Structure formats: C-alpha cells, structure tokens
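Coordinates from data07.cif are shown below (mmCIF, N, CA and C atoms).
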```
data_start
loop_
_atom_site.label_atom_id
_atom_site.label_comp_id
_atom_site.auth_asym_id
_atom_site.auth_seq_id
_atom_site.Cartn_x
_atom_site.Cartn_y
_atom_site.Cartn_z
N MET I 276 -21.84 -21.22 -43.88
CA MET I 276 -22.13 -19.81 -43.78
C MET I 276 -23.11 -19.51 -42.67
N ALA I 277 -23.97 -20.41 -42.30
CA ALA I 277 -24.99 -20.16 -41.29
C ALA I 277 -24.39 -19.88 -39.92
N ASP I 278 -23.18 -20.36 -39.64
CA ASP I 278 -22.55 -20.16 -38.34
C ASP I 278 -21.82 -18.84 -38.24
N ARG I 279 -21.80 -18.09 -39.28
CA ARG I 279 -21.01 -16.87 -39.34
C ARG I 279 -21.92 -15.64 -39.29
N VAL I 280 -21.51 -14.62 -38.55
CA VAL I 280 -22.23 -13.36 -38.53
C VAL I 280 -21.52 -12.41 -39.49
N ASN I 281 -22.27 -11.82 -40.37
CA ASN I 281 -21.71 -10.91 -41.37
C ASN I 281 -22.07 -9.47 -40.99
N PRO I 282 -21.11 -8.70 -40.50
CA PRO I 282 -21.40 -7.34 -40.04
C PRO I 282 -21.63 -6.36 -41.19
N VAL I 283 -22.43 -5.34 -40.92
CA VAL I 283 -22.58 -4.24 -41.87
C VAL I 283 -21.27 -3.46 -41.84
N ILE I 284 -20.70 -3.19 -43.00
CA ILE I 284 -19.43 -2.46 -43.03
C ILE I 284 -19.54 -1.08 -43.65
N PHE I 285 -20.65 -0.81 -44.36
CA PHE I 285 -20.77 0.48 -45.04
C PHE I 285 -22.20 0.69 -45.47
N VAL I 286 -22.67 1.92 -45.44
CA VAL I 286 -23.97 2.30 -45.97
C VAL I 286 -23.71 3.43 -46.96
N ASP I 287 -24.28 3.33 -48.13
CA ASP I 287 -24.01 4.29 -49.20
C ASP I 287 -25.33 4.89 -49.69
N PHE I 288 -25.46 6.22 -49.65
CA PHE I 288 -26.66 6.93 -50.09
C PHE I 288 -26.48 7.50 -51.48
N PRO I 289 -27.47 7.36 -52.35
CA PRO I 289 -27.43 8.08 -53.62
C PRO I 289 -27.87 9.52 -53.40
N SER I 290 -27.29 10.44 -54.15
CA SER I 290 -27.68 11.85 -54.05
C SER I 290 -27.41 12.55 -55.38
N THR I 291 -28.30 13.44 -55.76
CA THR I 291 -28.07 14.26 -56.94
C THR I 291 -27.03 15.34 -56.66
N ASP I 292 -26.70 15.58 -55.38
CA ASP I 292 -25.73 16.60 -55.00
C ASP I 292 -24.94 16.15 -53.76
N PRO I 293 -23.92 15.29 -53.94
CA PRO I 293 -23.15 14.80 -52.80
C PRO I 293 -22.54 15.92 -51.94
N GLU I 294 -22.13 17.01 -52.56
CA GLU I 294 -21.54 18.11 -51.79
C GLU I 294 -22.56 18.71 -50.83
N ALA I 295 -23.75 19.02 -51.32
CA ALA I 295 -24.78 19.60 -50.47
C ALA I 295 -25.23 18.63 -49.39
N MET I 296 -25.39 17.36 -49.74
CA MET I 296 -25.81 16.37 -48.76
C MET I 296 -24.75 16.20 -47.68
N SER I 297 -23.48 16.17 -48.06
CA SER I 297 -22.39 16.06 -47.10
C SER I 297 -22.39 17.26 -46.16
N ASN I 298 -22.57 18.44 -46.69
CA ASN I 298 -22.60 19.65 -45.86
C ASN I 298 -23.80 19.66 -44.93
N PHE I 299 -24.94 19.15 -45.37
CA PHE I 299 -26.13 19.05 -44.53
C PHE I 299 -25.82 18.25 -43.27
N TYR I 300 -25.23 17.05 -43.44
CA TYR I 300 -24.94 16.19 -42.29
C TYR I 300 -23.76 16.69 -41.45
N ALA I 301 -22.83 17.36 -42.08
CA ALA I 301 -21.74 17.98 -41.30
C ALA I 301 -22.31 19.06 -40.38
N ALA I 302 -23.23 19.87 -40.91
CA ALA I 302 -23.83 20.93 -40.10
C ALA I 302 -24.77 20.37 -39.03
N LEU I 303 -25.55 19.34 -39.36
CA LEU I 303 -26.53 18.80 -38.43
C LEU I 303 -25.89 17.98 -37.31
N PHE I 304 -25.00 17.07 -37.65
CA PHE I 304 -24.44 16.14 -36.67
C PHE I 304 -22.96 16.37 -36.36
N GLY I 305 -22.31 17.27 -37.07
CA GLY I 305 -20.88 17.48 -36.86
C GLY I 305 -20.01 16.41 -37.51
N TRP I 306 -20.57 15.67 -38.46
CA TRP I 306 -19.81 14.61 -39.11
C TRP I 306 -18.81 15.19 -40.10
N ALA I 307 -17.63 14.62 -40.12
CA ALA I 307 -16.62 15.00 -41.10
C ALA I 307 -16.85 14.20 -42.38
N PHE I 308 -16.27 14.66 -43.47
CA PHE I 308 -16.37 13.89 -44.71
C PHE I 308 -15.15 14.12 -45.58
N ASN I 309 -14.86 13.12 -46.40
CA ASN I 309 -13.76 13.17 -47.37
C ASN I 309 -14.36 13.13 -48.77
N ARG I 310 -13.92 14.02 -49.62
CA ARG I 310 -14.35 14.03 -51.02
C ARG I 310 -13.43 13.09 -51.79
N ARG I 311 -14.01 12.05 -52.43
CA ARG I 311 -13.18 11.02 -53.05
C ARG I 311 -13.74 10.56 -54.39
N PRO I 312 -13.80 11.29 -55.45
CA PRO I 312 -13.45 12.70 -55.62
C PRO I 312 -14.65 13.61 -55.35
N ALA I 313 -14.38 14.87 -55.21
CA ALA I 313 -15.41 15.86 -54.89
C ALA I 313 -16.57 15.78 -55.87
N GLY I 314 -17.78 15.78 -55.32
CA GLY I 314 -18.99 15.79 -56.14
C GLY I 314 -19.38 14.44 -56.73
N GLU I 315 -18.54 13.43 -56.58
CA GLU I 315 -18.84 12.10 -57.12
C GLU I 315 -19.09 11.08 -56.02
N PHE I 316 -18.17 11.01 -55.07
CA PHE I 316 -18.32 10.12 -53.93
C PHE I 316 -17.71 10.79 -52.71
N HIS I 317 -18.49 10.86 -51.64
CA HIS I 317 -18.00 11.43 -50.39
C HIS I 317 -18.11 10.37 -49.30
N GLU I 318 -17.02 10.15 -48.59
CA GLU I 318 -17.03 9.25 -47.44
C GLU I 318 -17.40 10.07 -46.21
N ILE I 319 -18.44 9.66 -45.50
CA ILE I 319 -18.91 10.35 -44.31
C ILE I 319 -18.32 9.65 -43.10
N LEU I 320 -17.76 10.43 -42.18
CA LEU I 320 -17.09 9.90 -41.00
C LEU I 320 -17.89 10.30 -39.76
N PRO I 321 -18.85 9.44 -39.34
CA PRO I 321 -19.71 9.80 -38.22
C PRO I 321 -19.08 9.65 -36.85
N GLY I 322 -17.84 9.21 -36.78
CA GLY I 322 -17.16 9.08 -35.50
C GLY I 322 -17.00 7.65 -35.03
N VAL I 323 -17.87 6.76 -35.47
CA VAL I 323 -17.76 5.34 -35.17
C VAL I 323 -18.10 4.57 -36.44
N LYS I 324 -17.64 3.35 -36.54
CA LYS I 324 -17.94 2.52 -37.69
C LYS I 324 -19.36 2.01 -37.60
N PRO I 325 -20.05 1.76 -38.68
CA PRO I 325 -19.52 1.90 -40.02
C PRO I 325 -19.58 3.35 -40.51
N ASN I 326 -18.65 3.67 -41.39
CA ASN I 326 -18.73 4.95 -42.08
C ASN I 326 -19.87 4.89 -43.08
N LEU I 327 -20.22 6.04 -43.61
CA LEU I 327 -21.27 6.13 -44.62
C LEU I 327 -20.67 6.67 -45.89
N GLY I 328 -21.39 6.55 -46.96
CA GLY I 328 -20.97 7.13 -48.23
C GLY I 328 -22.12 7.85 -48.89
N ILE I 329 -21.79 8.81 -49.71
CA ILE I 329 -22.77 9.50 -50.55
C ILE I 329 -22.21 9.48 -51.96
N HIS I 330 -22.94 8.88 -52.87
CA HIS I 330 -22.47 8.82 -54.26
C HIS I 330 -23.43 9.58 -55.17
N ARG I 331 -22.89 10.12 -56.24
CA ARG I 331 -23.69 10.88 -57.21
C ARG I 331 -24.66 9.94 -57.92
N ALA I 332 -25.92 10.38 -57.98
CA ALA I 332 -26.97 9.65 -58.69
C ALA I 332 -27.66 10.62 -59.63
N ASP I 333 -28.18 10.12 -60.73
CA ASP I 333 -28.85 10.97 -61.71
C ASP I 333 -30.22 11.44 -61.27
N SER I 334 -30.86 10.69 -60.35
CA SER I 334 -32.19 11.09 -59.91
C SER I 334 -32.28 10.94 -58.39
N PRO I 335 -33.19 11.68 -57.77
CA PRO I 335 -33.34 11.59 -56.31
C PRO I 335 -33.89 10.24 -55.89
N MET I 336 -33.69 9.89 -54.62
CA MET I 336 -34.25 8.65 -54.08
C MET I 336 -35.76 8.73 -54.14
N SER I 337 -36.39 7.60 -54.39
CA SER I 337 -37.85 7.55 -54.39
C SER I 337 -38.28 6.16 -53.96
N GLY I 338 -39.54 6.05 -53.58
CA GLY I 338 -40.05 4.76 -53.13
C GLY I 338 -39.51 4.43 -51.75
N PRO I 339 -39.64 3.18 -51.33
CA PRO I 339 -39.12 2.79 -50.02
C PRO I 339 -37.60 2.94 -49.98
N VAL I 340 -37.10 3.50 -48.89
CA VAL I 340 -35.67 3.66 -48.71
C VAL I 340 -35.29 3.15 -47.32
N PRO I 341 -34.04 2.73 -47.12
CA PRO I 341 -33.61 2.31 -45.78
C PRO I 341 -33.69 3.49 -44.82
N ARG I 342 -33.85 3.21 -43.57
CA ARG I 342 -33.87 4.24 -42.53
C ARG I 342 -32.64 4.04 -41.65
N VAL I 343 -31.86 5.10 -41.46
CA VAL I 343 -30.66 5.07 -40.63
C VAL I 343 -30.99 5.70 -39.28
N TYR I 344 -30.61 5.04 -38.21
CA TYR I 344 -30.83 5.54 -36.85
C TYR I 344 -29.56 6.19 -36.33
N VAL I 345 -29.70 7.41 -35.80
CA VAL I 345 -28.57 8.16 -35.27
C VAL I 345 -28.85 8.48 -33.81
N MET I 346 -27.92 8.17 -32.92
CA MET I 346 -28.05 8.45 -31.50
C MET I 346 -27.86 9.94 -31.26
N VAL I 347 -28.83 10.57 -30.61
CA VAL I 347 -28.75 11.99 -30.26
C VAL I 347 -29.24 12.18 -28.83
N ASP I 348 -28.95 13.33 -28.24
CA ASP I 348 -29.42 13.58 -26.88
C ASP I 348 -30.80 14.21 -26.83
N GLU I 349 -31.21 14.93 -27.86
CA GLU I 349 -32.51 15.59 -27.91
C GLU I 349 -33.12 15.45 -29.31
N PRO I 350 -33.88 14.39 -29.57
CA PRO I 350 -34.45 14.21 -30.91
C PRO I 350 -35.22 15.43 -31.43
N SER I 351 -36.02 16.07 -30.58
CA SER I 351 -36.83 17.19 -31.05
C SER I 351 -35.97 18.37 -31.49
N VAL I 352 -34.84 18.58 -30.82
CA VAL I 352 -33.95 19.68 -31.21
C VAL I 352 -33.30 19.39 -32.56
N PHE I 353 -32.81 18.17 -32.75
CA PHE I 353 -32.20 17.81 -34.03
C PHE I 353 -33.24 17.80 -35.15
N LEU I 354 -34.46 17.37 -34.83
CA LEU I 354 -35.53 17.38 -35.84
C LEU I 354 -35.82 18.81 -36.29
N ALA I 355 -35.95 19.73 -35.35
CA ALA I 355 -36.22 21.13 -35.69
C ALA I 355 -35.08 21.71 -36.53
N THR I 356 -33.85 21.37 -36.18
CA THR I 356 -32.70 21.86 -36.94
C THR I 356 -32.72 21.30 -38.36
N ALA I 357 -32.98 20.00 -38.49
CA ALA I 357 -33.03 19.38 -39.82
C ALA I 357 -34.12 20.02 -40.67
N VAL I 358 -35.28 20.28 -40.09
CA VAL I 358 -36.39 20.90 -40.82
C VAL I 358 -35.99 22.31 -41.26
N SER I 359 -35.30 23.05 -40.39
CA SER I 359 -34.87 24.41 -40.76
C SER I 359 -33.87 24.39 -41.91
N MET I 360 -33.25 23.21 -42.14
CA MET I 360 -32.27 23.06 -43.21
C MET I 360 -32.88 22.43 -44.46
N GLY I 361 -34.21 22.21 -44.46
CA GLY I 361 -34.87 21.69 -45.65
C GLY I 361 -35.41 20.28 -45.55
N ALA I 362 -35.26 19.62 -44.40
CA ALA I 362 -35.79 18.27 -44.23
C ALA I 362 -37.30 18.31 -43.99
N THR I 363 -37.94 17.16 -44.14
CA THR I 363 -39.37 17.01 -43.91
C THR I 363 -39.59 16.07 -42.73
N VAL I 364 -40.49 16.43 -41.83
CA VAL I 364 -40.78 15.59 -40.67
C VAL I 364 -41.51 14.32 -41.11
N LEU I 365 -41.00 13.18 -40.67
CA LEU I 365 -41.73 11.92 -40.84
C LEU I 365 -42.63 11.69 -39.64
N TRP I 366 -42.09 11.93 -38.43
CA TRP I 366 -42.89 11.97 -37.21
C TRP I 366 -42.14 12.75 -36.15
N GLU I 367 -42.93 13.39 -35.28
CA GLU I 367 -42.40 14.14 -34.14
C GLU I 367 -41.89 13.16 -33.10
N GLU I 368 -41.14 13.66 -32.15
CA GLU I 368 -40.59 12.82 -31.08
C GLU I 368 -41.71 12.10 -30.33
N LYS I 369 -41.52 10.80 -30.15
CA LYS I 369 -42.47 9.99 -29.40
C LYS I 369 -41.72 8.88 -28.67
N GLU I 370 -42.41 8.24 -27.78
CA GLU I 370 -41.83 7.18 -26.96
C GLU I 370 -41.93 5.83 -27.67
N TRP I 371 -40.89 5.00 -27.49
CA TRP I 371 -40.94 3.61 -27.93
C TRP I 371 -40.78 2.78 -26.66
N PRO I 372 -41.89 2.43 -26.01
CA PRO I 372 -41.83 1.80 -24.69
C PRO I 372 -41.01 0.51 -24.62
N GLU I 373 -41.08 -0.29 -25.66
CA GLU I 373 -40.35 -1.57 -25.66
C GLU I 373 -38.87 -1.38 -25.38
N PHE I 374 -38.30 -0.28 -25.88
CA PHE I 374 -36.87 -0.03 -25.71
C PHE I 374 -36.58 1.03 -24.66
N GLY I 375 -37.63 1.62 -24.08
CA GLY I 375 -37.42 2.67 -23.10
C GLY I 375 -36.72 3.85 -23.74
N ALA I 376 -37.11 4.18 -24.94
CA ALA I 376 -36.41 5.23 -25.70
C ALA I 376 -37.42 6.21 -26.28
N ARG I 377 -36.88 7.31 -26.81
CA ARG I 377 -37.68 8.29 -27.55
C ARG I 377 -37.04 8.45 -28.92
N TYR I 378 -37.86 8.78 -29.92
CA TYR I 378 -37.31 8.93 -31.26
C TYR I 378 -38.20 9.81 -32.12
N ALA I 379 -37.60 10.41 -33.12
CA ALA I 379 -38.27 11.24 -34.12
C ALA I 379 -37.60 10.91 -35.44
N ALA I 380 -38.21 11.35 -36.55
CA ALA I 380 -37.60 11.02 -37.84
C ALA I 380 -37.88 12.10 -38.88
N PHE I 381 -36.96 12.18 -39.85
CA PHE I 381 -37.12 13.12 -40.96
C PHE I 381 -36.64 12.50 -42.25
N ARG I 382 -37.08 13.10 -43.36
CA ARG I 382 -36.56 12.76 -44.70
C ARG I 382 -35.74 13.96 -45.12
N ASP I 383 -34.47 13.73 -45.47
CA ASP I 383 -33.61 14.84 -45.87
C ASP I 383 -33.99 15.33 -47.27
N PRO I 384 -33.44 16.44 -47.72
CA PRO I 384 -33.81 16.99 -49.03
C PRO I 384 -33.50 16.07 -50.22
N TRP I 385 -32.71 15.00 -50.02
CA TRP I 385 -32.34 14.08 -51.10
C TRP I 385 -33.09 12.76 -51.01
N GLY I 386 -33.96 12.61 -49.99
CA GLY I 386 -34.80 11.42 -49.89
C GLY I 386 -34.39 10.40 -48.84
N ALA I 387 -33.25 10.57 -48.19
CA ALA I 387 -32.83 9.62 -47.15
C ALA I 387 -33.67 9.83 -45.90
N GLU I 388 -33.97 8.75 -45.19
CA GLU I 388 -34.75 8.82 -43.96
C GLU I 388 -33.82 8.58 -42.77
N ILE I 389 -33.91 9.48 -41.80
CA ILE I 389 -33.06 9.42 -40.61
C ILE I 389 -33.95 9.40 -39.38
N CYS I 390 -33.71 8.44 -38.50
CA CYS I 390 -34.42 8.35 -37.22
C CYS I 390 -33.46 8.86 -36.14
N LEU I 391 -33.92 9.82 -35.37
CA LEU I 391 -33.14 10.42 -34.29
C LEU I 391 -33.50 9.69 -33.00
N TRP I 392 -32.56 8.96 -32.44
CA TRP I 392 -32.81 8.04 -31.34
C TRP I 392 -32.22 8.56 -30.04
N ARG I 393 -33.04 8.59 -29.00
CA ARG I 393 -32.59 8.94 -27.65
C ARG I 393 -32.70 7.69 -26.81
N ASP I 394 -31.58 7.17 -26.37
CA ASP I 394 -31.51 5.85 -25.73
C ASP I 394 -32.13 5.82 -24.35
N LYS I 395 -32.51 4.60 -23.95
CA LYS I 395 -33.06 4.40 -22.60
C LYS I 395 -32.06 4.86 -21.56
N GLY I 396 -32.58 5.25 -20.43
CA GLY I 396 -31.72 5.72 -19.36
C GLY I 396 -31.37 7.19 -19.46
N THR I 397 -31.74 7.82 -20.58
CA THR I 397 -31.42 9.24 -20.75
C THR I 397 -32.65 10.12 -20.62
N TYR I 398 -33.80 9.52 -20.27
CA TYR I 398 -35.02 10.28 -20.06
C TYR I 398 -35.94 9.46 -19.16
N THR I 399 -36.97 10.08 -18.64
CA THR I 399 -37.95 9.41 -17.80
C THR I 399 -39.12 8.97 -18.67
N PRO I 400 -39.43 7.64 -18.73
CA PRO I 400 -40.55 7.19 -19.54
C PRO I 400 -41.82 7.96 -19.22
N GLY I 401 -42.59 8.26 -20.26
CA GLY I 401 -43.83 9.00 -20.10
C GLY I 401 -43.66 10.50 -20.12
N SER I 402 -42.41 10.97 -20.21
CA SER I 402 -42.16 12.42 -20.28
C SER I 402 -41.31 12.73 -21.48
N LYS I 403 -41.18 13.99 -21.82
CA LYS I 403 -40.34 14.40 -22.95
C LYS I 403 -39.00 14.95 -22.46
N SER I 404 -38.72 14.85 -21.18
CA SER I 404 -37.45 15.39 -20.70
C SER I 404 -36.58 14.32 -20.12
#
```
Mind converting the file's structure to structure tokens?
Amino acid sequence: MADRVNPVIFVDFPSTDPEAMSNFYAALFGWAFNRRPAGEFHEILPGVKPNLGIHRADSPMSGPVPRVYVMVDEPSVFLATAVSMGATVLWEEKEWPEFGARYAAFRDPWGAEICLWRDKGTYTPGSKS
C-alpha cells in the first residue's frame, strides 16, 4: 500500500438544512447541485472533480472542521458576498508569500470553513490588485 497514492474522491458536509446550504453555494460560486433525495443528500457539482456532498445532520457542525479551498479571482469580493449571505469572516484577504498567493476565509452559516484562494501569477506580490 505504501507505493500507491490514494486520491480524494469526495468531500461530504453535514448540514441541518441541505437545501439552504446548496442554494448558498450555488449563489456564491455558481455551483450546480443534484438533490438525491431533496433535503437529505445533495451532490454539489463544482465543475471539476472531486464533487462535494451535503447530507442532512441533526445538529450543526462544531469544533474543528476541515477547511476547503476554492480558487477565485477576487477573494475579497467573494468574502464580502458570502458575509452578505450570512457567513462569518475567519480572516480578511492577505498574502501567503510562500505560494505567491492571496487568500481569505469564511465560516458558512452551517459551520463549514471555506478558504478563497487567488493563485500566484494573478496578482502582484505586496499589493491587493
């Protein structure tokens, strides 16, 4: 087994309201989703693999949770939009010099943490543009 690489094939989020959470990400990122069945499990189609899932949970996420990184062109714009939709800022856009990138993060209304990543080569280090 040590010689084999095991790829991530799916990420599944618990939510007390899969419909609302699916609509949040459809509105924020333009992601499509399939209800399988509606309100119980929704497959999120972000455009590239792996797909994501949202399953019904009896209680909201709490404690440490995984953080999902999403490639965007303007982290601060997506962060402001997410906050206007009920998300909480984890941190404002800042530079990550090691990767030559910028990033910001939020916690959605159901407890998932999303990092908005702007890749190297798409901005000038030391600036916000």
(Q) If DSSP is run on the backbone, what residues of chain I are alpha helix (DSSP H)? A reply as a count of residues only would be ideal. (A) 22
| said: Applying 6.5 Å and only N, CA and C atoms, which residues near Tyr378 (chain I) remain after dropping the ones on its own chain fewer than 6 positions away? List them as a VMD selection string. | reply: chain I and resid 350 366 to 371 390 to 393
Atom N of His317 (chain I) to atom C of Leu365 (chain I) measures 27.0 Å
Q) Could you state the separation of atom C of Leu320 (chain I) and atom N of Trp306 (chain I) in Å, given to one decimal place? A)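 Here the two named atoms are 6.1 Å from each other.
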Starting from the displayed file, determine the output of the PyMOL selection byres (((chain I and resi 335-337 and name CA) around 8) and name CA) and express the residue list as a short mmCIF file (atom, residue, chain, number, x, y, z; two decimals) with N, CA and C atoms, in the coordinates of the input.
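Written file, selection_15.cif:
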```cif
data_model
loop_
_atom_site.label_atom_id
_atom_site.label_comp_id
_atom_site.auth_asym_id
_atom_site.auth_seq_id
_atom_site.Cartn_x
_atom_site.Cartn_y
_atom_site.Cartn_z
N PRO I 289 -27.47 7.36 -52.35
CA PRO I 289 -27.43 8.08 -53.62
C PRO I 289 -27.87 9.52 -53.40
N SER I 290 -27.29 10.44 -54.15
CA SER I 290 -27.68 11.85 -54.05
C SER I 290 -27.41 12.55 -55.38
N THR I 291 -28.30 13.44 -55.76
CA THR I 291 -28.07 14.26 -56.94
C THR I 291 -27.03 15.34 -56.66
N ALA I 332 -25.92 10.38 -57.98
CA ALA I 332 -26.97 9.65 -58.69
C ALA I 332 -27.66 10.62 -59.63
N ASP I 333 -28.18 10.12 -60.73
CA ASP I 333 -28.85 10.97 -61.71
C ASP I 333 -30.22 11.44 -61.27
N SER I 334 -30.86 10.69 -60.35
CA SER I 334 -32.19 11.09 -59.91
C SER I 334 -32.28 10.94 -58.39
N GLY I 338 -39.54 6.05 -53.58
CA GLY I 338 -40.05 4.76 -53.13
C GLY I 338 -39.51 4.43 -51.75
N PRO I 339 -39.64 3.18 -51.33
CA PRO I 339 -39.12 2.79 -50.02
C PRO I 339 -37.60 2.94 -49.98
N VAL I 340 -37.10 3.50 -48.89
CA VAL I 340 -35.67 3.66 -48.71
C VAL I 340 -35.29 3.15 -47.32
N TRP I 385 -32.71 15.00 -50.02
CA TRP I 385 -32.34 14.08 -51.10
C TRP I 385 -33.09 12.76 -51.01
N GLY I 386 -33.96 12.61 -49.99
CA GLY I 386 -34.80 11.42 -49.89
C GLY I 386 -34.39 10.40 -48.84
N ALA I 387 -33.25 10.57 -48.19
CA ALA I 387 -32.83 9.62 -47.15
C ALA I 387 -33.67 9.83 -45.90
#
```
- request: Could you give me, as a PyMOL selection string, the residues within 7 Å of Asp383 (chain I), counting only C-alpha atoms and dropping anything in the same chain fewer than 4 positions from it?
  value: chain I and resi 361-363+387-388
task = List the residues sitting within 9 Å of (-34.7, 17.1, -26.6) in the file's frame, using only C-alpha atoms, as a ChimeraX atom specification.
result = /I:347-353,368,393,403-404
**Asked** So how far away is atom C of Glu318 (chain I) from atom C of Ala302 (chain I), in Å?
**Response**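 According to the coordinates, atom C of Ala302 (chain I) and atom C of Glu318 (chain I) are separated by 14.6 Å.
Taking only C-alpha atoms into account, Pro325 (chain I) lies nearest to I:Phe285 out of the set I:Phe374, I:Tyr344, I:Phe381, I:Phe285.
Here the PyMOL selection byres (((chain I and resi 310-314 and name CA) around 6) and name CA) captures the residues Pro293, Glu294, Asn309, Glu315, Phe316 and His317 of chain I.
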Would you save the residues from that selection as a compact mmCIF listing (two decimals), keeping the file's coordinate frame, using N, CA and C atoms?
```
# COMPACT_ATOMS: atom_id res chain seq x y z
N PRO I 293 -23.92 15.29 -53.94
CA PRO I 293 -23.15 14.80 -52.80
C PRO I 293 -22.54 15.92 -51.94
N GLU I 294 -22.13 17.01 -52.56
CA GLU I 294 -21.54 18.11 -51.79
C GLU I 294 -22.56 18.71 -50.83
N ASN I 309 -14.86 13.12 -46.40
CA ASN I 309 -13.76 13.17 -47.37
C ASN I 309 -14.36 13.13 -48.77
N GLU I 315 -18.54 13.43 -56.58
CA GLU I 315 -18.84 12.10 -57.12
C GLU I 315 -19.09 11.08 -56.02
N PHE I 316 -18.17 11.01 -55.07
CA PHE I 316 -18.32 10.12 -53.93
C PHE I 316 -17.71 10.79 -52.71
N HIS I 317 -18.49 10.86 -51.64
CA HIS I 317 -18.00 11.43 -50.39
C HIS I 317 -18.11 10.37 -49.30
```
Using DSSP assignments from the backbone, pull out every residue in chain I that falls under strand (DSSP E) and give it to me as a ChimeraX atom specification. /I:285-290,307-310,316-320,326-331,342-346,363-371,376-382,388-393
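You can rank I:Asp394, I:Gly305, I:Pro341, I:Val283 by their closest distance to Arg382 (chain I) using only C-alpha atoms, and at the top of that list sits I:Pro341.
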One residue among I:Met346, I:Ile329, I:Val364, I:Val286 is nearest to Ala376 (chain I) when using only C-alpha atoms, and that residue is I:Met346
